[in-house]
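**Q** For reference, this is entry.txt, and it has compact mmCIF, C-alpha atoms and all ligand atoms.
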```txt
# COMPACT_ATOMS: atom_id res chain seq x y z
CA MET A 2 -28.10 -3.91 2.46
CA ALA A 3 -25.78 -6.07 0.42
CA ASP A 4 -27.33 -8.08 -2.46
CA SER A 5 -29.11 -11.35 -1.80
CA ALA A 6 -26.10 -13.38 -2.93
CA GLN A 7 -24.60 -12.27 0.36
CA ALA A 8 -27.57 -13.44 2.44
CA GLN A 9 -26.44 -15.12 5.67
CA LYS A 10 -22.80 -14.49 4.86
CA LEU A 11 -21.69 -11.95 7.39
CA VAL A 12 -19.76 -12.34 10.60
CA TYR A 13 -20.35 -9.63 13.20
CA LEU A 14 -18.46 -9.05 16.42
CA VAL A 15 -20.04 -7.13 19.29
CA THR A 16 -17.60 -6.17 22.03
CA GLY A 17 -19.24 -5.59 25.40
CA GLY A 18 -22.11 -7.72 24.09
CA CYS A 19 -23.19 -8.71 27.60
CA GLY A 20 -23.59 -5.16 28.87
CA PHE A 21 -26.77 -3.11 29.17
CA LEU A 22 -26.57 -1.72 25.63
CA GLY A 23 -24.58 -4.64 24.22
CA GLU A 24 -27.29 -7.19 25.05
CA HIS A 25 -29.88 -5.09 23.22
CA VAL A 26 -27.56 -4.78 20.21
CA VAL A 27 -27.01 -8.54 20.18
CA ARG A 28 -30.73 -9.32 20.36
CA MET A 29 -31.55 -6.67 17.75
CA LEU A 30 -28.94 -8.08 15.35
CA LEU A 31 -30.37 -11.58 15.71
CA GLN A 32 -33.89 -10.27 15.03
CA GLN A 33 -33.17 -7.70 12.34
CA GLU A 34 -30.03 -8.61 10.41
CA PRO A 35 -30.90 -11.27 7.83
CA GLN A 36 -27.36 -11.38 6.44
CA LEU A 37 -25.92 -12.61 9.70
CA ARG A 38 -24.14 -15.96 9.59
CA GLU A 39 -22.16 -15.74 12.81
CA LEU A 40 -22.47 -13.40 15.75
CA ARG A 41 -19.49 -13.19 18.07
CA ILE A 42 -20.08 -11.76 21.50
CA PHE A 43 -16.92 -10.61 23.25
CA ASP A 44 -17.06 -9.57 26.87
CA LEU A 45 -15.10 -9.67 30.09
CA HIS A 46 -18.12 -11.28 31.76
CA LEU A 47 -20.36 -13.56 29.74
CA GLY A 48 -24.04 -13.70 30.71
CA PRO A 49 -25.92 -17.01 31.17
CA TRP A 50 -28.67 -15.72 28.83
CA LEU A 51 -26.30 -16.28 25.90
CA GLU A 52 -27.08 -19.99 26.03
CA GLU A 53 -30.66 -19.46 24.85
CA LEU A 54 -29.37 -17.67 21.73
CA LYS A 55 -27.35 -20.65 20.60
CA THR A 56 -30.36 -22.63 19.39
CA GLY A 57 -31.29 -20.24 16.55
CA PRO A 58 -30.23 -20.27 12.88
CA VAL A 59 -27.30 -17.88 13.41
CA GLN A 60 -24.11 -19.25 14.91
CA VAL A 61 -23.62 -17.46 18.22
CA THR A 62 -20.06 -17.55 19.54
CA ALA A 63 -19.45 -16.32 23.06
CA ILE A 64 -15.90 -15.16 23.70
CA GLN A 65 -14.76 -14.32 27.19
CA GLY A 66 -12.01 -11.75 26.73
CA ASP A 67 -10.54 -8.42 27.67
CA VAL A 68 -10.26 -5.52 25.21
CA THR A 69 -7.05 -4.40 26.88
CA GLN A 70 -5.41 -7.63 25.71
CA ALA A 71 -4.48 -7.03 22.07
CA HIS A 72 -4.04 -10.73 21.26
CA GLU A 73 -7.49 -11.61 22.61
CA VAL A 74 -9.07 -8.85 20.55
CA ALA A 75 -7.13 -9.87 17.44
CA ALA A 76 -8.31 -13.48 17.76
CA ALA A 77 -11.93 -12.38 18.15
CA VAL A 78 -11.81 -9.96 15.20
CA ALA A 79 -10.11 -12.36 12.74
CA GLY A 80 -12.59 -13.16 9.98
CA ALA A 81 -15.25 -10.67 11.12
CA HIS A 82 -16.81 -8.34 8.52
CA VAL A 83 -18.16 -5.81 10.99
CA VAL A 84 -17.20 -4.84 14.53
CA ILE A 85 -19.58 -3.02 16.85
CA HIS A 86 -17.44 -1.82 19.73
CA THR A 87 -19.65 -1.10 22.74
CA ALA A 88 -17.30 -2.44 25.44
CA GLY A 89 -16.31 0.22 27.87
CA LEU A 90 -15.83 1.04 31.50
CA VAL A 91 -18.71 3.32 32.45
CA ASP A 92 -17.71 4.83 35.76
CA VAL A 93 -18.56 8.32 36.92
CA PHE A 94 -18.68 7.29 40.58
CA GLY A 95 -15.00 6.74 41.32
CA LYS A 96 -15.26 2.95 41.52
CA THR A 97 -12.21 2.39 39.33
CA SER A 98 -8.94 4.23 38.89
CA PRO A 99 -8.50 6.78 36.08
CA GLU A 100 -5.70 4.57 34.73
CA THR A 101 -8.01 1.57 34.40
CA ILE A 102 -10.71 3.66 32.72
CA HIS A 103 -8.12 4.92 30.25
CA GLU A 104 -6.73 1.43 29.66
CA VAL A 105 -10.13 -0.10 28.89
CA ASN A 106 -11.71 2.77 26.98
CA VAL A 107 -8.73 4.16 25.09
CA GLN A 108 -6.19 1.32 24.79
CA GLY A 109 -9.08 -1.15 24.35
CA THR A 110 -10.36 0.89 21.41
CA ARG A 111 -6.87 1.17 19.97
CA ASN A 112 -6.61 -2.63 20.14
CA VAL A 113 -9.93 -2.99 18.31
CA ILE A 114 -8.82 -0.62 15.54
CA GLU A 115 -5.46 -2.37 15.10
CA ALA A 116 -7.16 -5.76 15.05
CA CYS A 117 -9.48 -4.55 12.26
CA VAL A 118 -6.50 -3.27 10.28
CA GLN A 119 -4.51 -6.49 10.73
CA ALA A 120 -7.47 -8.76 10.00
CA GLY A 121 -8.83 -6.87 6.99
CA THR A 122 -12.10 -6.03 8.78
CA ARG A 123 -13.51 -2.96 7.06
CA PHE A 124 -16.43 -1.73 9.13
CA LEU A 125 -16.19 -0.44 12.68
CA VAL A 126 -19.03 1.13 14.64
CA TYR A 127 -18.02 2.73 17.93
CA THR A 128 -20.32 3.52 20.85
CA SER A 129 -19.20 6.93 21.94
CA SER A 130 -21.18 9.17 24.30
CA MET A 131 -22.83 12.58 24.59
CA GLU A 132 -20.14 13.23 27.18
CA VAL A 133 -17.56 13.56 24.43
CA VAL A 134 -19.22 16.94 23.95
CA GLY A 135 -20.47 17.78 27.42
CA PRO A 136 -21.75 19.00 29.80
CA ASN A 137 -18.51 20.86 30.30
CA ILE A 138 -16.95 21.87 33.60
CA LYS A 139 -18.28 25.42 33.22
CA GLY A 140 -21.85 24.11 33.36
CA GLN A 141 -22.77 25.77 30.05
CA PRO A 142 -26.11 24.56 28.69
CA PHE A 143 -26.29 22.59 25.46
CA TYR A 144 -29.92 23.17 24.57
CA ARG A 145 -31.37 20.95 21.82
CA GLY A 146 -28.04 21.04 20.01
CA ASN A 147 -26.95 18.96 17.05
CA GLU A 148 -23.67 17.50 15.76
CA ASN A 149 -22.59 20.93 14.48
CA THR A 150 -23.57 23.04 17.45
CA PRO A 151 -20.50 24.86 18.79
CA TYR A 152 -19.77 23.97 22.40
CA GLU A 153 -16.66 24.27 24.50
CA ALA A 154 -15.85 20.64 25.33
CA VAL A 155 -13.51 20.53 28.32
CA HIS A 156 -12.88 17.19 30.01
CA ARG A 157 -11.39 16.80 33.43
CA HIS A 158 -13.17 13.62 34.51
CA PRO A 159 -11.48 10.37 33.42
CA TYR A 160 -14.61 8.82 31.87
CA PRO A 161 -15.57 11.58 29.38
CA ARG A 162 -11.88 12.21 28.71
CA SER A 163 -11.40 8.55 27.80
CA LYS A 164 -14.50 8.49 25.59
CA ALA A 165 -13.35 11.63 23.77
CA LEU A 166 -9.87 10.18 23.16
CA ALA A 167 -11.29 6.86 21.99
CA GLU A 168 -13.76 8.56 19.66
CA GLN A 169 -10.94 10.58 18.16
CA LEU A 170 -8.93 7.39 17.53
CA VAL A 171 -11.92 5.81 15.79
CA LEU A 172 -12.57 8.81 13.58
CA GLU A 173 -8.90 9.19 12.67
CA ALA A 174 -8.78 5.52 11.69
CA ASN A 175 -11.40 6.07 9.00
CA GLY A 176 -9.73 5.53 5.63
CA ARG A 177 -6.76 3.53 6.94
CA LYS A 178 -5.86 0.65 4.66
CA VAL A 179 -6.74 -2.71 6.15
CA LEU A 180 -5.21 -6.06 5.18
CA GLY A 181 -6.02 -6.50 1.50
CA GLY A 182 -5.68 -2.78 0.77
CA LEU A 183 -9.25 -1.58 1.16
CA PRO A 184 -10.07 1.36 3.43
CA LEU A 185 -11.44 1.01 6.95
CA VAL A 186 -14.82 2.75 7.38
CA THR A 187 -15.57 3.93 10.90
CA CYS A 188 -18.28 5.88 12.58
CA ALA A 189 -19.11 6.95 16.16
CA LEU A 190 -22.53 7.00 17.79
CA ARG A 191 -23.12 9.31 20.72
CA PRO A 192 -26.02 8.25 22.92
CA THR A 193 -27.34 10.66 25.52
CA GLY A 194 -28.37 9.03 28.82
CA ILE A 195 -29.67 5.59 27.82
CA TYR A 196 -32.68 4.12 29.64
CA GLY A 197 -34.68 0.94 29.32
CA GLU A 198 -34.69 -2.69 30.39
CA GLY A 199 -31.49 -3.53 32.25
CA HIS A 200 -30.53 0.03 33.23
CA GLN A 201 -28.52 -0.32 36.43
CA ILE A 202 -28.83 3.30 37.62
CA MET A 203 -32.63 3.19 37.23
CA ARG A 204 -32.53 0.03 39.33
CA ASP A 205 -30.46 1.87 41.97
CA PHE A 206 -32.92 4.79 42.09
CA TYR A 207 -35.83 2.38 42.38
CA HIS A 208 -34.30 0.53 45.30
CA GLN A 209 -33.31 3.81 46.93
CA GLY A 210 -36.93 4.94 46.65
CA LEU A 211 -38.16 1.70 48.20
CA ARG A 212 -35.74 2.12 51.10
CA LEU A 213 -37.04 5.67 51.63
CA GLY A 214 -40.63 4.46 51.99
CA GLY A 215 -41.65 4.93 48.36
CA ARG A 216 -40.26 8.47 48.07
CA LEU A 217 -37.47 10.19 46.22
CA PHE A 218 -36.53 13.76 47.01
CA ARG A 219 -36.15 16.36 44.32
CA ALA A 220 -32.59 17.68 44.15
CA ILE A 221 -32.48 19.18 40.66
CA PRO A 222 -34.73 21.99 39.32
CA ALA A 223 -37.41 20.64 36.96
CA SER A 224 -36.29 23.20 34.38
CA VAL A 225 -32.89 21.52 33.78
CA GLU A 226 -33.27 19.29 30.71
CA HIS A 227 -31.27 16.07 30.44
CA GLY A 228 -31.19 14.14 27.16
CA ARG A 229 -32.38 10.52 27.29
CA VAL A 230 -32.79 7.86 24.66
CA TYR A 231 -34.38 4.41 24.74
CA VAL A 232 -31.95 1.48 24.62
CA GLY A 233 -33.87 -0.33 21.86
CA ASN A 234 -33.57 2.72 19.61
CA VAL A 235 -29.85 3.06 20.36
CA ALA A 236 -29.41 -0.64 19.53
CA TRP A 237 -31.31 -0.23 16.26
CA MET A 238 -29.16 2.72 15.29
CA HIS A 239 -26.05 0.55 15.77
CA VAL A 240 -27.53 -2.23 13.63
CA LEU A 241 -28.52 0.19 10.89
CA VAL A 242 -25.17 1.96 10.84
CA ALA A 243 -23.34 -1.38 10.69
CA ARG A 244 -25.50 -2.36 7.72
CA GLU A 245 -25.28 0.92 5.84
CA LEU A 246 -21.59 1.73 6.30
CA GLU A 247 -20.60 -0.34 3.29
CA HIS A 248 -23.03 1.38 0.92
CA ARG A 249 -22.66 4.91 2.19
CA ALA A 250 -18.99 4.84 3.14
CA ALA A 251 -18.22 8.21 1.55
CA LEU A 252 -21.05 9.91 3.43
CA MET A 253 -20.91 8.09 6.76
CA GLY A 254 -17.22 7.25 7.16
CA GLY A 255 -15.55 9.29 9.90
CA GLN A 256 -18.86 10.80 11.00
CA VAL A 257 -20.42 11.18 14.44
CA TYR A 258 -24.14 10.83 15.12
CA PHE A 259 -26.06 11.59 18.28
CA CYS A 260 -28.46 8.78 19.20
CA TYR A 261 -31.94 10.26 19.54
CA ASP A 262 -35.60 9.34 19.57
CA ASN A 263 -38.90 10.89 20.66
CA SER A 264 -38.33 10.64 24.40
CA PRO A 265 -39.48 13.88 26.05
CA TYR A 266 -37.13 16.58 27.25
CA LYS A 267 -37.24 16.58 31.03
CA SER A 268 -35.01 16.86 34.04
CA TYR A 269 -33.14 13.67 34.98
CA GLU A 270 -35.37 13.09 38.00
CA ASP A 271 -38.68 13.93 36.30
CA PHE A 272 -37.76 11.63 33.45
CA ASN A 273 -37.04 8.75 35.84
CA MET A 274 -40.43 9.34 37.45
CA GLU A 275 -42.08 8.46 34.12
CA PHE A 276 -41.20 4.87 35.04
CA LEU A 277 -40.79 4.91 38.79
CA GLY A 278 -44.08 6.80 39.33
CA PRO A 279 -46.25 4.02 37.84
CA CYS A 280 -44.23 1.57 39.98
CA GLY A 281 -45.37 3.24 43.19
CA LEU A 282 -42.67 5.85 43.88
CA ARG A 283 -43.29 9.54 44.44
CA LEU A 284 -40.95 12.49 43.81
CA VAL A 285 -41.30 14.83 46.77
CA GLY A 286 -41.12 18.58 46.12
CA THR A 287 -41.88 20.78 43.15
CA ARG A 288 -38.58 22.54 43.79
CA PRO A 289 -35.27 21.15 45.09
CA LEU A 290 -35.58 20.41 48.79
CA LEU A 291 -31.96 21.28 49.52
CA PRO A 292 -30.23 24.51 48.45
CA TYR A 293 -27.70 23.99 45.68
CA TRP A 294 -24.76 25.05 47.85
CA LEU A 295 -25.62 22.25 50.27
CA LEU A 296 -25.65 19.68 47.45
CA VAL A 297 -22.26 20.96 46.34
CA PHE A 298 -21.04 20.57 49.90
CA LEU A 299 -22.46 17.03 50.22
CA ALA A 300 -20.97 16.05 46.86
CA ALA A 301 -17.55 17.28 48.01
CA LEU A 302 -18.01 15.48 51.33
CA ASN A 303 -18.68 12.26 49.43
CA VAL A 304 -15.38 12.67 47.61
CA LEU A 305 -13.59 13.11 50.91
CA LEU A 306 -15.35 10.08 52.42
CA GLN A 307 -14.54 8.01 49.38
CA TRP A 308 -10.88 8.88 49.78
CA LEU A 309 -10.82 8.32 53.56
CA LEU A 310 -12.67 4.99 53.37
CA ARG A 311 -10.78 3.65 50.36
CA PRO A 312 -8.39 1.49 52.46
CA LEU A 313 -11.40 -0.15 54.16
CA LEU A 314 -14.22 -0.25 51.61
CA LEU A 315 -15.44 1.13 48.32
CA TYR A 316 -17.73 4.08 49.01
CA ALA A 317 -19.20 5.18 45.67
CA PRO A 318 -22.49 7.04 46.13
CA LEU A 319 -24.52 8.46 43.22
CA LEU A 320 -23.82 12.04 44.30
CA ASN A 321 -20.40 13.52 43.61
CA PRO A 322 -19.33 16.84 42.04
CA TYR A 323 -19.28 15.34 38.56
CA THR A 324 -22.69 13.62 38.69
CA LEU A 325 -24.18 16.71 40.29
CA ALA A 326 -22.86 18.85 37.45
CA MET A 327 -24.16 16.32 34.90
CA ALA A 328 -27.64 16.27 36.39
CA ASN A 329 -27.71 20.02 36.96
CA THR A 330 -26.66 21.18 33.49
CA THR A 331 -29.05 21.26 30.56
CA PHE A 332 -27.81 18.95 27.83
CA THR A 333 -30.30 17.89 25.16
CA VAL A 334 -30.01 17.11 21.48
CA SER A 335 -32.30 17.82 18.57
CA THR A 336 -31.02 16.51 15.26
CA ASP A 337 -32.04 14.52 12.19
CA LYS A 338 -28.55 13.73 10.92
CA ALA A 339 -29.04 9.96 11.30
CA ARG A 340 -32.28 10.12 9.31
CA ARG A 341 -30.68 12.16 6.56
CA HIS A 342 -27.53 10.05 6.31
CA PHE A 343 -28.85 6.52 6.66
CA GLY A 344 -32.63 6.64 7.02
CA TYR A 345 -32.81 6.11 10.79
CA GLU A 346 -36.28 6.28 12.33
CA PRO A 347 -36.65 5.16 15.94
CA PRO A 348 -38.55 1.84 15.85
CA PHE A 349 -39.84 2.29 19.41
CA SER A 350 -42.22 5.19 20.06
CA TRP A 351 -41.98 7.03 23.36
CA GLU A 352 -45.14 5.24 24.55
CA GLU A 353 -43.68 1.84 23.78
CA SER A 354 -40.29 2.67 25.28
CA ARG A 355 -42.03 3.88 28.41
CA THR A 356 -44.29 0.85 28.68
CA ARG A 357 -41.42 -1.58 28.20
CA THR A 358 -39.31 0.18 30.82
CA ILE A 359 -42.19 0.32 33.32
CA ARG A 360 -42.85 -3.41 32.85
CA TRP A 361 -39.20 -4.11 33.49
CA VAL A 362 -39.15 -2.05 36.70
CA GLN A 363 -42.38 -3.70 37.85
CA ALA A 364 -40.89 -7.12 37.29
CA MET A 365 -37.99 -6.33 39.60
CA GLU A 366 -37.89 -8.14 42.87
CA GLY A 367 -39.29 -6.10 45.77
CA SER A 368 -41.64 -4.07 43.59
CA ALA A 369 -43.58 -1.36 45.45
CA GLN A 370 -46.79 -2.41 43.61
N1 LIG B 401 -25.40 3.86 29.72
C1 LIG B 401 -25.42 5.05 29.13
O1 LIG B 401 -26.24 5.91 29.46
C2 LIG B 401 -24.45 5.35 28.02
C3 LIG B 401 -24.59 6.57 27.36
C4 LIG B 401 -23.70 6.88 26.33
C5 LIG B 401 -22.72 5.97 25.96
N2 LIG B 401 -22.59 4.80 26.62
C6 LIG B 401 -21.55 3.87 26.16
O2 LIG B 401 -22.18 2.66 25.77
C7 LIG B 401 -21.32 1.57 25.98
C8 LIG B 401 -22.05 0.50 26.76
O3 LIG B 401 -22.41 1.06 28.01
P1 LIG B 401 -23.42 0.33 28.98
O4 LIG B 401 -24.22 1.37 29.66
O5 LIG B 401 -24.09 -0.78 28.29
O6 LIG B 401 -22.38 -0.22 30.05
P2 LIG B 401 -22.23 -1.67 30.67
O7 LIG B 401 -21.25 -1.56 31.76
O8 LIG B 401 -23.55 -2.26 30.97
O9 LIG B 401 -21.60 -2.49 29.47
C9 LIG B 401 -20.26 -2.46 29.14
C10 LIG B 401 -19.81 -3.88 28.84
O10 LIG B 401 -18.42 -3.83 28.52
C11 LIG B 401 -17.80 -4.90 29.18
N3 LIG B 401 -16.41 -4.60 29.45
C12 LIG B 401 -15.92 -3.72 30.35
N4 LIG B 401 -14.59 -3.78 30.37
C13 LIG B 401 -14.23 -4.68 29.44
C14 LIG B 401 -13.00 -5.18 28.99
N5 LIG B 401 -11.84 -4.76 29.52
N6 LIG B 401 -13.00 -6.11 28.02
C15 LIG B 401 -14.15 -6.58 27.51
N7 LIG B 401 -15.35 -6.16 27.90
C16 LIG B 401 -15.38 -5.21 28.86
C17 LIG B 401 -18.55 -5.08 30.49
O11 LIG B 401 -18.35 -6.38 31.02
C18 LIG B 401 -19.98 -4.81 30.04
O12 LIG B 401 -20.62 -6.00 29.68
C19 LIG B 401 -20.08 2.11 26.69
O13 LIG B 401 -19.04 2.25 25.75
C20 LIG B 401 -20.53 3.46 27.21
O14 LIG B 401 -19.46 4.36 27.27
C21 LIG B 401 -23.44 4.45 27.64
C1 LIG B 402 -27.95 14.65 42.14
C2 LIG B 402 -28.73 13.35 42.12
C3 LIG B 402 -30.06 13.58 42.78
O1 LIG B 402 -31.09 12.75 42.48
C4 LIG B 402 -28.89 12.84 40.73
C5 LIG B 402 -27.61 12.21 40.21
C6 LIG B 402 -27.89 11.63 38.87
C7 LIG B 402 -26.61 11.08 38.20
C8 LIG B 402 -26.19 9.83 38.89
C9 LIG B 402 -26.90 10.90 36.70
C10 LIG B 402 -27.29 12.22 36.04
C11 LIG B 402 -26.85 12.13 34.60
C12 LIG B 402 -26.35 10.72 34.42
C13 LIG B 402 -25.39 10.43 33.28
C14 LIG B 402 -25.98 10.79 31.93
O2 LIG B 402 -27.29 10.29 31.78
C15 LIG B 402 -25.18 10.35 30.79
C16 LIG B 402 -24.22 9.42 30.92
C17 LIG B 402 -23.40 9.17 29.72
C18 LIG B 402 -22.87 7.81 29.57
O3 LIG B 402 -21.82 7.78 28.66
C19 LIG B 402 -22.58 7.07 30.85
C20 LIG B 402 -23.63 7.28 31.92
C21 LIG B 402 -23.88 8.74 32.19
C22 LIG B 402 -22.58 9.33 32.70
C23 LIG B 402 -24.99 8.95 33.26
C24 LIG B 402 -24.52 8.49 34.65
C25 LIG B 402 -25.45 8.90 35.79
C26 LIG B 402 -25.74 10.40 35.80
C27 LIG B 402 -24.47 11.18 36.10
```
How does the structure come out when it is put into structure tokens?
**A**
Amino acid sequence: MADSAQAQKLVYLVTGGCGFLGEHVVRMLLQQEPQLRELRIFDLHLGPWLEELKTGPVQVTAIQGDVTQAHEVAAAVAGAHVVIHTAGLVDVFGKTSPETIHEVNVQGTRNVIEACVQAGTRFLVYTSSMEVVGPNIKGQPFYRGNENTPYEAVHRHPYPRSKALAEQLVLEANGRKVLGGLPLVTCALRPTGIYGEGHQIMRDFYHQGLRLGGRLFRAIPASVEHGRVYVGNVAWMHVLVARELEHRAALMGGQVYFCYDNSPYKSYEDFNMEFLGPCGLRLVGTRPLLPYWLLVFLAALNVLLQWLLRPLLLYAPLLNPYTLAMANTTFTVSTDKARRHFGYEPPFSWEESRTRTIRWVQAMEGSAQ
């Protein structure tokens, strides 16, 4: 942390601050960053919950804006000391065009970097993704790997491709001279599948289970591990990195860190049942109920239906070839790089993360309880 003379002096900008992760980062900053003077929250869609934050000691400035618009980004960044760039288009279901995903995730990130350079903002934390690494299209397992584990990263899908390109831009920008002549310090955080309060896909599975009479049907073998990390821990890692970048620039600048905690290694479906089970849902089958070839067929059929129906409606089911490959390929991380480099320890234990997530599911309208 900077010395006490700097207390309450810093201006932070969080892009995508009204998203699932962004909201947790915003709330964590307000709770845990004593140097904060102003917190700017930049998002395409501002949430009504922002109003309640405006009564505290930190100035909270909500900015409705689009990262693809360079001038809007530049105006938001001007005068900020730190930028946490979480804004992104997360779409693996074919809801948006590849061009739009690229525009938001890659050009949007380029705009953020250029705005930092022009404004003299020195610290940039980027929310990357595990998908920058994999799973790859060959379905090769990444078993408890770390930041140095060799893995053939091949991206065909627009979302991981855009995240990989954006991450590369951020890392390459490390060391660029910003206005005033000092170097930009950047770093990329790679969460695995984030879960916790506000997780839309968990919500979707819950409602699907309710519609199916309290049951979900196993589609993925229990032996396939999928990495998951609690949103509060991911948010804390962002806050800590933002704070430590100044003091450990030589060590942390241009680095990537997986976001990790003590969440157990499980299959995607078994992991979800940790929360959905206590909320009254049941996962039917100890083994997948449908043969894999049939899932592949159904996933391909969904792509065809999406294409055929596109002129009439948006058909974007959870199952498609990409999501099937994601769920069906082991991808888990085991690393302590964040602890070694900047003293990260997950503030939320697995028990607490689980309890908080269960409470959130239970509070949802139409609970099975
Ligand atoms: N959810 C996960 O499991 C996960 C895992 C790894 C990485 N990530 C990354 O974390 C970040 C946040 O993801 P999330 O799950 O909170 O998604 P989210 O969709 O809930 O949040 C993204 C936010 O970005 C905003 N946004 C989108 N387009 C924008 C634009 N053009 N201009 C300004 N704001 C825009 C959205 O309005 C939203 O509030 C993303 O960069 C994503 O790639 C997410
Ligand atoms: C075959 C289905 C039977 O139940 C299960 C489909 C599950 C998929 C919808 C999800 C499996 C893995 C998820 C992704 C993963 O957790 C990591 C991600 C990285 C992040 O950057 C964005 C979200 C996501 C792509 C996430 C999306 C949903 C899955 C593909």
**Q** Where does segment 201-295 of chain A meet segment 116-131 of chain A within 10 Å, residue by residue, with the nearest atom pair and distance in Å to one decimal for each, counting all atoms listed in the file, listed by chain and rising number, as a Markdown table?
**A**
```
| residue | atom | partner | partner_atom | distance |
| --- | --- | --- | --- | --- |
| A:Gly228 | CA | A:Met131 | CA | 8.9 |
| A:Val235 | CA | A:Thr128 | CA | 9.6 |
| A:His239 | CA | A:Val126 | CA | 7.1 |
| A:Val240 | CA | A:Val126 | CA | 9.2 |
| A:Val242 | CA | A:Val126 | CA | 7.3 |
| A:Ala243 | CA | A:Val126 | CA | 6.4 |
| A:Arg244 | CA | A:Phe124 | CA | 9.2 |
| A:Glu245 | CA | A:Phe124 | CA | 9.8 |
| A:Leu246 | CA | A:Phe124 | CA | 6.8 |
| A:Glu247 | CA | A:Phe124 | CA | 7.3 |
| A:Ala250 | CA | A:Phe124 | CA | 9.3 |
| A:Gly254 | CA | A:Phe124 | CA | 9.2 |
| A:Val257 | CA | A:Ser129 | CA | 8.7 |
| A:Tyr258 | CA | A:Ser129 | CA | 9.3 |
| A:Phe259 | CA | A:Met131 | CA | 7.2 |
| A:Cys260 | CA | A:Met131 | CA | 8.7 |
```
**Q** Please determine, counting all atoms listed in the file, which residue among A:Val91, A:Leu213, A:Leu277, A:Ala189 has the shortest atom-to-atom distance to Met238 of chain A.
**A**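 Of A:Val91, A:Leu213, A:Leu277, A:Ala189, the one nearest Met238 of chain A, counting all atoms listed in the file, is A:Ala189.
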**Q** From the set A:Leu37, A:Val105, A:Ala236, A:Val26, which residue has the shortest atom-to-atom contact distance to Leu11 of chain A, counting all atoms listed in the file?
**A**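 Of A:Leu37, A:Val105, A:Ala236, A:Val26, the one nearest Leu11 of chain A, counting all atoms listed in the file, is A:Leu37.
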**Q** Under the rule that all atoms listed in the file are counted, which of A:Val230, A:Val83, A:Leu310, A:Ile221 is the nearest residue to Val297 of chain A?
**A**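 Ranking A:Val230, A:Val83, A:Leu310, A:Ile221 by distance to Val297 of chain A, first place goes to A:Ile221.
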**Q** Atom CA of His227 of chain A and atom CA of His208 of chain A are how many Å apart?
**A** 21.7 Å
**Q** Would you name the residues within 9 Å of ligand LIG 401 (chain B), counting all atoms listed in the file, and put them as JSON, numbers by chain?
**A** {"A": [16, 17, 18, 19, 20, 21, 22, 23, 24, 25, 43, 44, 45, 46, 47, 48, 65, 66, 67, 68, 69, 70, 74, 86, 87, 88, 89, 90, 91, 92, 101, 102, 104, 105, 106, 109, 127, 128, 129, 130, 131, 132, 160, 161, 164, 190, 191, 192, 193, 194, 195, 196, 199, 200, 201, 202, 229, 230, 232, 260]}
**Q** One number please: atom CA of Pro279 of chain A to atom C24 of ligand LIG 402 (chain B), in Å, one decimal.
**A** 22.4 Å
**Q** Which is closest to Met203 of chain A among A:Thr150, A:Gln363, A:Asn273, A:Thr187, if we use only C-alpha atoms?
**A**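 Selected residue with least distance to Met203 of chain A: A:Asn273.
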**Q** Need to verify the contact set: Gly146 of chain A, 9 Å, all atoms listed in the file, exclusion of same-chain residues closer than 3 positions in sequence. Can you return it as a list of chain:residue names?
**A**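 Surrounding residues, per the criterion: A:Phe143, A:Asn149, A:Thr150, A:Pro151, A:Phe332, A:Thr333, A:Val334, A:Ser335, A:Thr336.
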**Q** Do you know which residues lie at most 10 Å from (-40.1, 11.7, 46.0), with coordinates as in the file and all atoms listed in the file counted, and could you write them as a list of chain:residue names?
**A**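 Those residues, ordered by chain and then number, are A:Gly210, A:Leu213, A:Gly214, A:Gly215, A:Arg216, A:Leu217, A:Phe218, A:Arg219, A:Ala220, A:Glu270, A:Met274, A:Leu277, A:Gly278, A:Leu282, A:Arg283, A:Leu284, A:Val285, A:Gly286, A:Thr287.
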**Q** Using the file's own x, y and z axes, what box holds all listed atoms of ligand LIG 402 (chain B) with 6 Å on each side, keeping edges along x, y and z, and what are its centre and edge lengths in Å to one decimal, as JSON?
**A**
```
{"center_x": -26.5, "center_y": 10.9, "center_z": 35.7, "size_x": 21.3, "size_y": 19.6, "size_z": 26.1}
```
**Q** Which residue out of A:Val134, A:Leu305, A:Leu241, A:Val362 has the minimum interatomic distance to ligand LIG 402 (chain B) when all atoms listed in the file are used?
**A**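 Smallest distance to ligand LIG 402 (chain B) is found for A:Val134.
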**Q** Mind pulling up the distance from atom C7 of ligand LIG 402 (chain B) to atom CA of Tyr293 of chain A?
**A** 15.0 Å
**Q** Using only C-alpha atoms, which protein or nucleic acid residues come within 12 Å of Val304 of chain A? Drop anything in the same chain fewer than 6 positions from it, and give the result as a PyMOL selection string.
**A** chain A and resi 93-96+297-298+310-311+315-324
**Q** For the selection just defined, write its residues with C-alpha atoms to a file, as a compact mmCIF listing (two decimals), in the frame of the given file.
**A**
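Wrote part-v4.txt, looks like this:
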```txt
# COMPACT_ATOMS: atom_id res chain seq x y z
CA VAL A 93 -18.56 8.32 36.92
CA PHE A 94 -18.68 7.29 40.58
CA GLY A 95 -15.00 6.74 41.32
CA LYS A 96 -15.26 2.95 41.52
CA VAL A 297 -22.26 20.96 46.34
CA PHE A 298 -21.04 20.57 49.90
CA LEU A 310 -12.67 4.99 53.37
CA ARG A 311 -10.78 3.65 50.36
CA LEU A 315 -15.44 1.13 48.32
CA TYR A 316 -17.73 4.08 49.01
CA ALA A 317 -19.20 5.18 45.67
CA PRO A 318 -22.49 7.04 46.13
CA LEU A 319 -24.52 8.46 43.22
CA LEU A 320 -23.82 12.04 44.30
CA ASN A 321 -20.40 13.52 43.61
CA PRO A 322 -19.33 16.84 42.04
CA TYR A 323 -19.28 15.34 38.56
CA THR A 324 -22.69 13.62 38.69
```
